[in-house]
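Here is entry.txt, consisting of compact mmCIF, C-alpha atoms and all ligand atoms:
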```
# COMPACT_ATOMS: atom_id res chain seq x y z
CA MET C 261 -37.38 -70.30 32.55
CA THR C 262 -36.72 -67.92 35.38
CA ARG C 263 -37.00 -68.97 38.99
CA PHE C 264 -36.86 -65.46 40.31
CA ALA C 265 -39.08 -62.98 38.54
CA ARG C 266 -37.78 -59.48 39.07
CA ALA C 267 -39.88 -57.06 41.09
CA GLU C 268 -42.21 -54.94 38.98
CA ARG C 269 -40.15 -51.83 39.70
CA LEU C 270 -37.18 -53.42 37.95
CA GLN C 271 -39.33 -54.37 35.00
CA LYS C 272 -40.44 -50.75 34.66
CA ILE C 273 -37.04 -49.21 34.00
CA PRO C 274 -35.92 -48.95 30.38
CA PRO C 275 -33.67 -51.71 29.04
CA TYR C 276 -30.02 -50.96 29.61
CA LEU C 277 -29.04 -49.29 26.36
CA PHE C 278 -25.38 -50.06 26.76
CA ALA C 279 -25.98 -53.81 27.12
CA GLU C 280 -25.79 -54.51 23.38
CA LEU C 281 -22.83 -52.16 23.04
CA ASP C 282 -21.07 -53.86 25.96
CA ARG C 283 -21.56 -57.24 24.28
CA ARG C 284 -20.03 -55.93 21.05
CA ILE C 285 -17.09 -54.38 22.88
CA ALA C 286 -16.39 -57.68 24.63
CA ALA C 287 -16.55 -59.50 21.27
CA LYS C 288 -14.17 -56.97 19.67
CA ARG C 289 -11.69 -57.28 22.49
CA ALA C 290 -11.89 -61.08 22.35
CA ALA C 291 -11.08 -60.80 18.64
CA GLY C 292 -7.94 -58.84 19.51
CA VAL C 293 -9.14 -55.31 18.66
CA ASP C 294 -7.60 -52.57 20.82
CA VAL C 295 -10.87 -50.93 21.86
CA ILE C 296 -10.62 -47.40 23.31
CA SER C 297 -13.57 -46.26 25.40
CA LEU C 298 -14.81 -42.67 25.51
CA GLY C 299 -17.93 -43.98 27.24
CA VAL C 300 -17.93 -43.53 31.00
CA GLY C 301 -17.16 -40.22 32.72
CA ASP C 302 -14.50 -41.30 35.19
CA PRO C 303 -11.37 -39.11 35.62
CA ASP C 304 -8.13 -40.86 34.66
CA ARG C 305 -5.82 -38.73 36.84
CA PRO C 306 -5.06 -39.93 40.38
CA THR C 307 -6.46 -38.38 43.56
CA PRO C 308 -4.00 -35.68 44.79
CA PRO C 309 -1.44 -37.10 47.25
CA HIS C 310 -2.41 -34.89 50.22
CA ILE C 311 -5.86 -36.56 50.20
CA VAL C 312 -4.49 -40.10 49.84
CA GLU C 313 -1.98 -39.50 52.65
CA ARG C 314 -4.68 -38.13 54.94
CA LEU C 315 -6.75 -41.29 54.41
CA ALA C 316 -3.72 -43.45 55.23
CA ARG C 317 -3.18 -41.56 58.49
CA GLU C 318 -6.86 -41.52 59.47
CA ALA C 319 -7.37 -45.18 58.58
CA ALA C 320 -4.93 -46.09 61.36
CA ARG C 321 -7.10 -44.44 64.06
CA PRO C 322 -9.09 -47.09 65.96
CA GLU C 323 -11.91 -44.66 66.80
CA TRP C 324 -12.82 -44.60 63.11
CA HIS C 325 -13.03 -48.40 62.97
CA ARG C 326 -16.45 -48.38 64.57
CA TYR C 327 -19.76 -47.39 62.91
CA PRO C 328 -19.70 -43.86 61.52
CA SER C 329 -22.27 -41.17 62.34
CA TYR C 330 -25.38 -41.67 60.17
CA VAL C 331 -25.50 -38.06 59.02
CA GLY C 332 -21.73 -37.81 58.54
CA ALA C 333 -18.77 -36.88 60.70
CA PRO C 334 -19.22 -33.40 62.24
CA GLU C 335 -15.77 -32.43 60.87
CA PHE C 336 -16.88 -33.33 57.34
CA ARG C 337 -20.21 -31.52 57.62
CA ARG C 338 -18.46 -28.43 58.97
CA ALA C 339 -15.91 -28.56 56.13
CA ALA C 340 -18.79 -28.79 53.63
CA ALA C 341 -20.47 -25.75 55.21
CA ARG C 342 -17.20 -23.80 55.16
CA TRP C 343 -16.66 -24.74 51.50
CA LEU C 344 -20.09 -23.31 50.61
CA GLU C 345 -19.40 -20.12 52.58
CA ARG C 346 -15.90 -19.65 51.17
CA ASN C 347 -16.73 -20.28 47.52
CA TYR C 348 -20.30 -19.00 47.31
CA GLY C 349 -21.03 -16.95 50.43
CA VAL C 350 -23.83 -19.45 51.16
CA GLN C 351 -24.47 -20.18 54.84
CA VAL C 352 -25.78 -23.54 56.02
CA ASP C 353 -26.01 -25.05 59.48
CA PRO C 354 -23.73 -28.11 59.43
CA ASP C 355 -25.92 -29.84 62.02
CA ARG C 356 -29.35 -29.45 60.39
CA GLU C 357 -28.67 -28.53 56.78
CA VAL C 358 -25.86 -30.86 55.66
CA VAL C 359 -25.73 -34.65 55.29
CA ALA C 360 -22.74 -36.70 54.13
CA LEU C 361 -23.34 -39.09 51.25
CA ILE C 362 -21.75 -42.28 49.94
CA GLY C 363 -21.30 -40.44 46.64
CA SER C 364 -23.93 -38.01 45.38
CA LYS C 365 -25.60 -40.77 43.32
CA GLU C 366 -26.61 -42.43 46.58
CA GLY C 367 -28.18 -39.21 47.85
CA LEU C 368 -30.00 -38.41 44.60
CA ALA C 369 -31.44 -41.92 44.61
CA HIS C 370 -32.54 -41.90 48.23
CA LEU C 371 -34.11 -38.45 47.91
CA CYS C 372 -36.82 -40.04 45.74
CA TRP C 373 -37.56 -42.51 48.53
CA ALA C 374 -37.76 -39.64 50.98
CA LEU C 375 -40.25 -37.54 48.99
CA VAL C 376 -42.07 -39.39 46.23
CA ASN C 377 -45.41 -41.13 46.71
CA PRO C 378 -46.92 -43.42 44.09
CA GLY C 379 -48.42 -41.32 41.31
CA ASP C 380 -46.43 -38.16 42.09
CA ALA C 381 -44.90 -36.43 39.10
CA VAL C 382 -41.11 -35.99 39.18
CA LEU C 383 -39.67 -33.47 36.71
CA VAL C 384 -36.49 -34.84 35.15
CA PRO C 385 -34.18 -33.34 32.52
CA ASP C 386 -34.03 -35.22 29.20
CA PRO C 387 -31.30 -35.93 28.21
CA GLY C 388 -30.11 -36.39 31.77
CA TYR C 389 -28.28 -38.47 34.32
CA PRO C 390 -30.36 -41.68 34.32
CA VAL C 391 -30.57 -41.97 38.14
CA TYR C 392 -33.25 -39.25 38.50
CA ARG C 393 -35.65 -41.12 36.28
CA THR C 394 -35.00 -44.69 37.42
CA GLN C 395 -35.25 -43.82 41.12
CA ALA C 396 -38.43 -41.82 40.57
CA VAL C 397 -39.86 -44.97 38.94
CA PHE C 398 -38.59 -47.22 41.74
CA ALA C 399 -40.40 -45.02 44.25
CA GLY C 400 -43.64 -45.34 42.24
CA GLY C 401 -43.49 -41.83 40.81
CA GLU C 402 -44.08 -40.75 37.26
CA PRO C 403 -41.07 -39.10 35.62
CA VAL C 404 -42.09 -36.16 33.43
CA GLU C 405 -39.45 -35.11 30.93
CA LEU C 406 -38.12 -31.59 30.66
CA PRO C 407 -36.62 -31.56 27.17
CA LEU C 408 -33.19 -29.90 26.98
CA ARG C 409 -32.83 -28.51 23.47
CA ALA C 410 -29.88 -26.92 21.72
CA GLU C 411 -31.89 -23.83 20.74
CA ARG C 412 -32.42 -23.02 24.45
CA GLY C 413 -28.79 -23.70 25.35
CA PHE C 414 -29.89 -27.05 26.82
CA LEU C 415 -31.81 -25.26 29.58
CA PRO C 416 -35.30 -26.47 30.53
CA ASP C 417 -38.42 -24.48 29.64
CA LEU C 418 -40.33 -24.60 32.92
CA ALA C 419 -42.99 -22.25 31.52
CA ALA C 420 -43.98 -25.11 29.20
CA VAL C 421 -44.81 -27.45 32.13
CA PRO C 422 -48.61 -27.71 32.17
CA GLU C 423 -50.29 -26.35 35.31
CA THR C 424 -51.88 -29.77 35.95
CA VAL C 425 -48.44 -31.43 35.95
CA ALA C 426 -46.83 -28.73 38.11
CA ARG C 427 -49.64 -29.22 40.64
CA ARG C 428 -48.92 -32.91 41.15
CA ALA C 429 -45.13 -32.60 40.90
CA ARG C 430 -43.23 -33.30 44.12
CA LEU C 431 -39.70 -32.98 42.93
CA LEU C 432 -37.68 -31.18 40.25
CA PHE C 433 -34.25 -32.48 39.29
CA LEU C 434 -31.79 -30.29 37.38
CA ASN C 435 -28.04 -30.49 36.84
CA TYR C 436 -25.74 -27.59 35.80
CA PRO C 437 -23.02 -27.68 34.63
CA ASN C 438 -24.80 -30.40 32.77
CA ASN C 439 -24.04 -34.01 32.01
CA PRO C 440 -24.33 -34.96 29.15
CA THR C 441 -24.57 -31.64 27.26
CA GLY C 442 -21.80 -29.62 28.97
CA ALA C 443 -24.19 -26.65 29.23
CA THR C 444 -23.98 -24.14 32.08
CA ALA C 445 -26.67 -22.08 33.81
CA THR C 446 -26.49 -18.50 35.11
CA ALA C 447 -27.48 -17.14 38.52
CA ALA C 448 -30.59 -15.73 36.81
CA ASP C 449 -31.55 -19.22 35.59
CA PHE C 450 -31.27 -20.59 39.12
CA ALA C 451 -33.36 -17.70 40.45
CA GLU C 452 -36.08 -18.54 37.93
CA TRP C 453 -36.06 -22.26 38.79
CA VAL C 454 -36.16 -21.59 42.53
CA ALA C 455 -39.09 -19.21 41.98
CA PHE C 456 -40.91 -21.92 39.98
CA ALA C 457 -40.35 -24.48 42.75
CA ARG C 458 -41.56 -22.02 45.42
CA ARG C 459 -44.64 -21.07 43.42
CA HIS C 460 -45.70 -24.71 43.06
CA GLY C 461 -44.43 -26.07 46.37
CA ILE C 462 -42.03 -28.44 44.61
CA ALA C 463 -38.74 -29.60 46.12
CA PHE C 464 -35.83 -28.53 43.91
CA ALA C 465 -32.97 -31.04 43.85
CA HIS C 466 -29.98 -29.53 42.13
CA ASP C 467 -27.15 -31.87 41.16
CA ALA C 468 -23.99 -29.76 41.31
CA ALA C 469 -21.51 -32.56 40.48
CA TYR C 470 -19.56 -30.40 37.98
CA VAL C 471 -19.53 -26.94 39.65
CA ASP C 472 -15.75 -27.01 39.98
CA LEU C 473 -15.25 -27.77 36.30
CA ALA C 474 -16.24 -24.49 34.67
CA LEU C 475 -13.57 -24.50 32.00
CA ASP C 476 -13.17 -20.79 31.45
CA GLY C 477 -12.10 -20.27 35.02
CA GLY C 478 -13.50 -20.71 38.48
CA ARG C 479 -16.74 -22.23 39.64
CA ALA C 480 -20.16 -22.29 38.09
CA PRO C 481 -23.11 -20.75 39.99
CA ILE C 482 -25.15 -22.97 42.33
CA ALA C 483 -28.84 -23.11 43.22
CA LEU C 484 -28.35 -22.21 46.90
CA GLN C 485 -27.16 -18.73 45.86
CA ALA C 486 -30.59 -17.89 44.44
CA PRO C 487 -32.96 -15.70 46.48
CA GLY C 488 -35.19 -17.85 48.72
CA ALA C 489 -33.40 -21.02 47.60
CA LYS C 490 -33.31 -22.53 51.07
CA ASP C 491 -37.12 -22.66 51.21
CA VAL C 492 -37.23 -25.38 48.56
CA THR C 493 -33.73 -26.49 47.57
CA ILE C 494 -31.51 -29.44 48.38
CA GLU C 495 -28.25 -29.35 46.48
CA PHE C 496 -25.94 -32.31 45.83
CA PHE C 497 -22.17 -31.98 45.77
CA SER C 498 -19.71 -34.68 44.82
CA LEU C 499 -16.02 -35.04 45.53
CA SER C 500 -15.74 -37.50 42.62
CA LYS C 501 -15.21 -35.30 39.59
CA PRO C 502 -13.18 -32.30 40.92
CA TYR C 503 -10.70 -34.30 43.01
CA ASN C 504 -10.51 -37.47 40.88
CA MET C 505 -12.19 -39.47 43.64
CA THR C 506 -14.90 -41.48 41.83
CA GLY C 507 -13.74 -44.72 43.47
CA TRP C 508 -13.85 -43.30 46.98
CA ARG C 509 -17.63 -42.65 47.18
CA LEU C 510 -18.04 -39.34 48.97
CA GLY C 511 -20.35 -36.38 48.56
CA PHE C 512 -22.78 -34.25 50.54
CA ALA C 513 -26.19 -32.65 50.26
CA ALA C 514 -26.97 -29.23 51.71
CA GLY C 515 -29.91 -26.88 51.85
CA ASN C 516 -33.45 -26.92 53.24
CA ALA C 517 -33.39 -28.62 56.66
CA GLU C 518 -36.64 -30.56 56.13
CA LEU C 519 -35.38 -31.99 52.85
CA VAL C 520 -31.94 -32.79 54.26
CA GLN C 521 -33.49 -34.46 57.31
CA ALA C 522 -35.95 -36.47 55.20
CA LEU C 523 -33.01 -37.79 53.16
CA ALA C 524 -31.09 -38.53 56.38
CA THR C 525 -34.05 -40.57 57.65
CA VAL C 526 -33.98 -42.80 54.55
CA LYS C 527 -30.23 -43.21 54.95
CA GLU C 528 -30.49 -44.11 58.64
CA ASN C 529 -32.73 -46.97 57.61
CA THR C 530 -30.67 -48.06 54.62
CA ASP C 531 -26.93 -47.56 55.09
CA SER C 532 -24.73 -46.65 58.00
CA GLY C 533 -22.77 -43.87 56.38
CA GLN C 534 -19.30 -43.65 54.90
CA PHE C 535 -16.05 -44.73 56.68
CA THR C 536 -15.12 -41.83 58.97
CA ALA C 537 -11.44 -41.97 57.97
CA LEU C 538 -12.52 -41.45 54.38
CA GLN C 539 -14.70 -38.50 55.40
CA MET C 540 -11.64 -36.99 57.11
CA ALA C 541 -9.79 -37.33 53.80
CA GLY C 542 -12.80 -35.50 52.33
CA VAL C 543 -12.16 -32.67 54.80
CA GLU C 544 -8.62 -32.55 53.43
CA ALA C 545 -9.95 -32.37 49.86
CA LEU C 546 -12.43 -29.57 50.61
CA GLU C 547 -10.12 -27.49 52.82
CA ASN C 548 -6.59 -28.02 51.55
CA THR C 549 -6.70 -28.61 47.81
CA PRO C 550 -4.83 -25.74 46.17
CA GLU C 551 -6.88 -23.84 43.63
CA ALA C 552 -3.92 -24.42 41.28
CA PHE C 553 -4.77 -28.14 41.20
CA LEU C 554 -8.32 -27.42 40.02
CA GLU C 555 -7.00 -24.88 37.50
CA GLU C 556 -4.69 -27.57 36.15
CA MET C 557 -7.58 -30.04 35.77
CA ARG C 558 -9.72 -27.42 34.02
CA ALA C 559 -6.85 -26.64 31.63
CA LEU C 560 -6.33 -30.35 30.96
CA TYR C 561 -10.01 -30.95 30.06
CA ARG C 562 -10.16 -27.74 28.03
CA ARG C 563 -7.17 -28.88 25.93
CA ARG C 564 -8.60 -32.35 25.46
CA LEU C 565 -12.04 -31.01 24.52
CA GLU C 566 -10.56 -28.59 22.01
CA LYS C 567 -8.49 -31.23 20.25
CA ALA C 568 -11.37 -33.72 20.28
CA ALA C 569 -13.75 -31.13 18.82
CA ALA C 570 -11.19 -30.36 16.07
CA ALA C 571 -10.79 -34.07 15.23
CA LEU C 572 -14.55 -34.53 15.04
CA ARG C 573 -14.90 -31.52 12.75
CA GLU C 574 -12.35 -33.14 10.42
CA ALA C 575 -14.51 -36.27 10.44
CA GLY C 576 -17.55 -34.24 9.36
CA PHE C 577 -19.23 -33.36 12.69
CA ASP C 578 -20.34 -29.95 13.93
CA ALA C 579 -18.42 -30.19 17.22
CA ARG C 580 -17.70 -27.36 19.65
CA ARG C 581 -16.17 -27.52 23.08
CA PRO C 582 -18.54 -26.88 26.01
CA ARG C 583 -18.14 -24.26 28.75
CA ALA C 584 -17.90 -26.89 31.47
CA THR C 585 -17.46 -30.61 32.26
CA PHE C 586 -15.28 -33.09 30.38
CA TYR C 587 -17.97 -34.20 27.95
CA LEU C 588 -18.30 -33.44 24.27
CA TRP C 589 -21.95 -33.55 23.19
CA VAL C 590 -22.01 -33.66 19.43
CA PRO C 591 -24.88 -33.65 16.92
CA VAL C 592 -24.58 -36.51 14.44
CA PRO C 593 -24.37 -35.75 10.71
CA ALA C 594 -27.59 -35.74 8.67
CA GLY C 595 -28.70 -39.19 7.60
CA TYR C 596 -27.34 -40.96 10.71
CA THR C 597 -28.86 -41.94 14.02
CA ALA C 598 -26.79 -41.74 17.21
CA GLU C 599 -26.72 -45.54 17.36
CA GLN C 600 -25.45 -45.79 13.79
CA VAL C 601 -22.62 -43.37 14.51
CA ALA C 602 -21.69 -45.21 17.72
CA GLU C 603 -21.70 -48.47 15.78
CA ARG C 604 -19.50 -47.14 12.97
CA MET C 605 -17.03 -45.74 15.47
CA LEU C 606 -16.80 -49.10 17.18
CA GLU C 607 -16.72 -51.24 14.03
CA GLU C 608 -14.39 -49.10 11.94
CA ALA C 609 -12.28 -47.32 14.56
CA GLY C 610 -12.52 -49.48 17.67
CA VAL C 611 -13.68 -46.41 19.61
CA VAL C 612 -16.60 -46.46 22.07
CA VAL C 613 -18.86 -43.40 22.31
CA SER C 614 -22.29 -43.18 23.99
CA PRO C 615 -25.39 -42.69 21.86
CA GLY C 616 -27.34 -39.71 23.22
CA THR C 617 -30.43 -41.86 23.66
CA ALA C 618 -28.72 -43.51 26.64
CA TYR C 619 -29.65 -40.28 28.48
CA GLY C 620 -33.26 -40.07 27.32
CA ARG C 621 -35.21 -39.79 24.09
CA HIS C 622 -34.30 -36.12 23.59
CA GLY C 623 -30.70 -37.27 23.33
CA ALA C 624 -31.56 -38.67 19.89
CA GLY C 625 -29.28 -37.25 17.22
CA TYR C 626 -26.30 -36.78 19.57
CA ILE C 627 -23.32 -38.74 20.77
CA ARG C 628 -21.39 -38.13 23.99
CA LEU C 629 -17.63 -38.49 24.34
CA SER C 630 -16.09 -38.51 27.80
CA LEU C 631 -12.49 -37.24 27.69
CA THR C 632 -11.34 -38.97 30.84
CA LEU C 633 -8.55 -41.13 29.52
CA PRO C 634 -4.80 -40.53 29.29
CA ASP C 635 -3.75 -38.19 26.48
CA GLU C 636 -1.82 -40.78 24.48
CA ARG C 637 -4.91 -43.03 24.38
CA LEU C 638 -7.14 -40.09 23.55
CA ASP C 639 -4.79 -39.04 20.73
CA GLU C 640 -4.90 -42.56 19.32
CA ALA C 641 -8.72 -42.57 19.47
CA LEU C 642 -8.89 -39.15 17.79
CA ASP C 643 -6.51 -40.23 15.00
CA ARG C 644 -8.82 -43.12 14.25
CA ILE C 645 -11.96 -40.92 14.36
CA ARG C 646 -10.33 -38.32 12.09
CA ARG C 647 -9.88 -40.94 9.39
CA LEU C 648 -13.56 -41.90 9.43
CA LYS C 649 -15.40 -39.64 7.03
CA PHE C 650 -19.08 -39.07 7.69
C1 LIG W 1 -20.81 -38.48 38.09
C2 LIG W 1 -22.14 -37.88 38.37
C3 LIG W 1 -22.75 -38.02 39.62
C4 LIG W 1 -22.29 -39.03 40.63
O1 LIG W 1 -21.27 -38.70 41.38
P1 LIG W 1 -20.87 -39.59 42.63
O2 LIG W 1 -20.67 -38.55 43.69
O3 LIG W 1 -19.62 -40.28 42.21
O4 LIG W 1 -21.96 -40.54 42.98
C5 LIG W 1 -23.94 -37.36 39.88
N1 LIG W 1 -24.52 -36.62 38.93
C6 LIG W 1 -23.99 -36.47 37.72
C7 LIG W 1 -24.69 -35.65 36.72
C8 LIG W 1 -22.79 -37.11 37.39
O5 LIG W 1 -22.31 -37.02 36.15
```
Show me the file's structure as structure tokens.
Amino acid sequence: MTRFARAERLQKIPPYLFAELDRRIAAKRAAGVDVISLGVGDPDRPTPPHIVERLAREAARPEWHRYPSYVGAPEFRRAAARWLERNYGVQVDPDREVVALIGSKEGLAHLCWALVNPGDAVLVPDPGYPVYRTQAVFAGGEPVELPLRAERGFLPDLAAVPETVARRARLLFLNYPNNPTGATATAADFAEWVAFARRHGIAFAHDAAYVDLALDGGRAPIALQAPGAKDVTIEFFSLSKPYNMTGWRLGFAAGNAELVQALATVKENTDSGQFTALQMAGVEALENTPEAFLEEMRALYRRRLEKAAAALREAGFDARRPRATFYLWVPVPAGYTAEQVAERMLEEAGVVVSPGTAYGRHGAGYIRLSLTLPDERLDEALDRIRRLKF
């Protein structure tokens, strides 16, 4: 018997696919098994010291102990604008076209509340970061899947979206470099997607969480570089993945002023922004992180991905390292489902991997490994996987 029935919107989201896996992991650990998780994407390395020290200094300033600015500290918004100009030659007005976020997940979620009316179609990548879909549903919208298939390099086929769907679509979510597939997009891809959004009057929300983690050097292209992007685009940037700051909760959105301001209006009525001292540490991250630090992180993930791919090949998988991110997206061998592979890895090796279906039905037939754990733990996990023959 339940005293408190959940709201219908909560009943509409798919059952949490990791729940059963979580239960099994807890049981294994209770039984004394040394379980190693390659599940969640959460960098293991610490935040660089210059950022931590800046927070410590700023935290002592009494003026930051009061409510922050709703749209973000002007210093942080200006640093975000300068970062876009410096790295991409993209110009945005820090006052009208940038809003600080309590992590980009918060902004992606609230954007749905800012734009989606009941019955609106929301185009979401599948497989994809689950937030786009669940928040579209919460807002009463209808998520429409854009399948990401290997034969198209895990890029969406917007030409395949029926005219009737495009007409009632309000919002298009995409994410490159991509979680979970590790795929990257080119400037030409972004130009095509911006043109599609302009043609149909759809807002284009691009999730750029992994732009700094292009593994073959430098940064991946962004949507705001595309011609006419600012007419339709709001782009989400996160400090979490590049600077090892997932626990801090800081990001920003930039782009079309109407979209940025609509998001800011939802935020004004929902949260009161991020701690200003923490935003000042964000300024430090954006302005004063040596490129050598990012190069070192890219080299670290590249090495880990290469050795993980090699271990999986020994175990009978067709694994190749991606061009970006710290995820290995691997097709499962014939005769297995993703869930069966995840289960065998847990039961026989004590290693947790995500079944691709956790990211949508087009993730069927894949598993995702996140290589965000210390090398000695990763090596132990890979030794165990190597011995499993599929
Ligand atoms: C990690 C991740 C985010 C969330 O980042 P936060 O800024 O920590 O909220 C957003 N999108 C994708 C695709 C991610 O993998």
With distances taken over only C-alpha atoms, which residue among C:Ala486, C:Met605, C:Ala445, C:Ala579 lies nearest Pro591 in chain C?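 Nearest candidate to Pro591 in chain C out of C:Ala486, C:Met605, C:Ala445, C:Ala579: C:Ala579.
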Taken to one decimal, the CA of Glu402 in chain C-CA of Asp282 in chain C distance is 28.8 Å
Go through chain C and flag each residue having an atom no more than 7 Å from ligand LIG 1 (chain W); for those, report the closest pair of atoms plus their distance in Å to one decimal, using only C-alpha atoms and all ligand atoms, ordered by chain and rising number, as a Markdown table.
```
| residue | atom | partner | partner_atom | distance |
| --- | --- | --- | --- | --- |
| C:Gly301 | CA | W:LIG1 | C1 | 6.7 |
| C:Gly363 | CA | W:LIG1 | O2 | 3.6 |
| C:Ser364 | CA | W:LIG1 | O2 | 3.7 |
| C:Lys365 | CA | W:LIG1 | O4 | 3.7 |
| C:Glu366 | CA | W:LIG1 | O4 | 6.2 |
| C:Tyr389 | CA | W:LIG1 | C7 | 5.2 |
| C:Asn435 | CA | W:LIG1 | C7 | 6.2 |
| C:Asn438 | CA | W:LIG1 | C7 | 6.6 |
| C:Asn439 | CA | W:LIG1 | C7 | 5.0 |
| C:Asp467 | CA | W:LIG1 | N1 | 5.9 |
| C:Ala469 | CA | W:LIG1 | N1 | 5.3 |
| C:Ser498 | CA | W:LIG1 | O2 | 4.1 |
| C:Leu499 | CA | W:LIG1 | O2 | 6.1 |
| C:Ser500 | CA | W:LIG1 | O3 | 4.8 |
| C:Lys501 | CA | W:LIG1 | C1 | 6.6 |
| C:Thr506 | CA | W:LIG1 | O3 | 4.9 |
| C:Arg509 | CA | W:LIG1 | O3 | 5.9 |
| C:Leu510 | CA | W:LIG1 | O2 | 6.0 |
| C:Gly511 | CA | W:LIG1 | O2 | 5.3 |
```
List the spatial neighbours of Glu518 in chain C as a PyMOL selection string - criterion: any atom at most 9 Å away, all atoms listed in the file, same-chain residues fewer than 5 positions off excluded. chain C and resi 356-357+523
Rounded to one decimal, what separation in Å do you get between CA of Ala455 in chain C and CA of Leu371 in chain C?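 Result for CA of Ala455 in chain C versus CA of Leu371 in chain C: 20.7 Å, one decimal.
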Counting all atoms listed in the file, the residue among C:Ile296, C:Ala570, C:Met557, C:Ala360 that lies closest to Glu335 in chain C is C:Ala360
Report as a list in words all protein, DNA and RNA residues lying within 7 Å of Asp380 in chain C, evaluated on all atoms listed in the file, omitting residues in the same chain fewer than 2 positions from it.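 Everything that qualifies: Val376, Asn377, Pro378, Val382, Gly401, Glu402, Arg428, Ala429 and Arg430 of chain C.
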Selected residues written out with C-alpha atoms, as a PDB file, keeping the file's coordinate frame:
```pdb
ATOM      1  CA  VAL C 376     -42.070 -39.390  46.230  1.00  0.00           C
ATOM      2  CA  ASN C 377     -45.410 -41.130  46.710  1.00  0.00           C
ATOM      3  CA  PRO C 378     -46.920 -43.420  44.090  1.00  0.00           C
ATOM      4  CA  VAL C 382     -41.110 -35.990  39.180  1.00  0.00           C
ATOM      5  CA  GLY C 401     -43.490 -41.830  40.810  1.00  0.00           C
ATOM      6  CA  GLU C 402     -44.080 -40.750  37.260  1.00  0.00           C
ATOM      7  CA  ARG C 428     -48.920 -32.910  41.150  1.00  0.00           C
ATOM      8  CA  ALA C 429     -45.130 -32.600  40.900  1.00  0.00           C
ATOM      9  CA  ARG C 430     -43.230 -33.300  44.120  1.00  0.00           C
TER      10      ARG C 430
END
```
>> If we count only C-alpha atoms and set the cut-off at 12 Å, which residues sit around Ile362 in chain C, ignoring sequence neighbours fewer than 3 positions away in its own chain? Please answer as number ranges by chain.
In response: C: 328, 330-332, 359, 365-370, 496-500, 505-513, 524, 527, 530-536, 538-539, 542
In terms of only C-alpha atoms, the residue from C:Ala575, C:Ala286, C:Leu270, C:Ala514 at minimal distance from Leu606 in chain C is C:Ala286
**Request:** Go through C:Arg317, C:His460, C:His466, C:Lys288 one by one, measure the shortest atom-to-atom distance of each to Tyr392 in chain C using only C-alpha atoms, and give the residue with the smallest value.
**Result:**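 Nearest to Tyr392 in chain C: C:His466.
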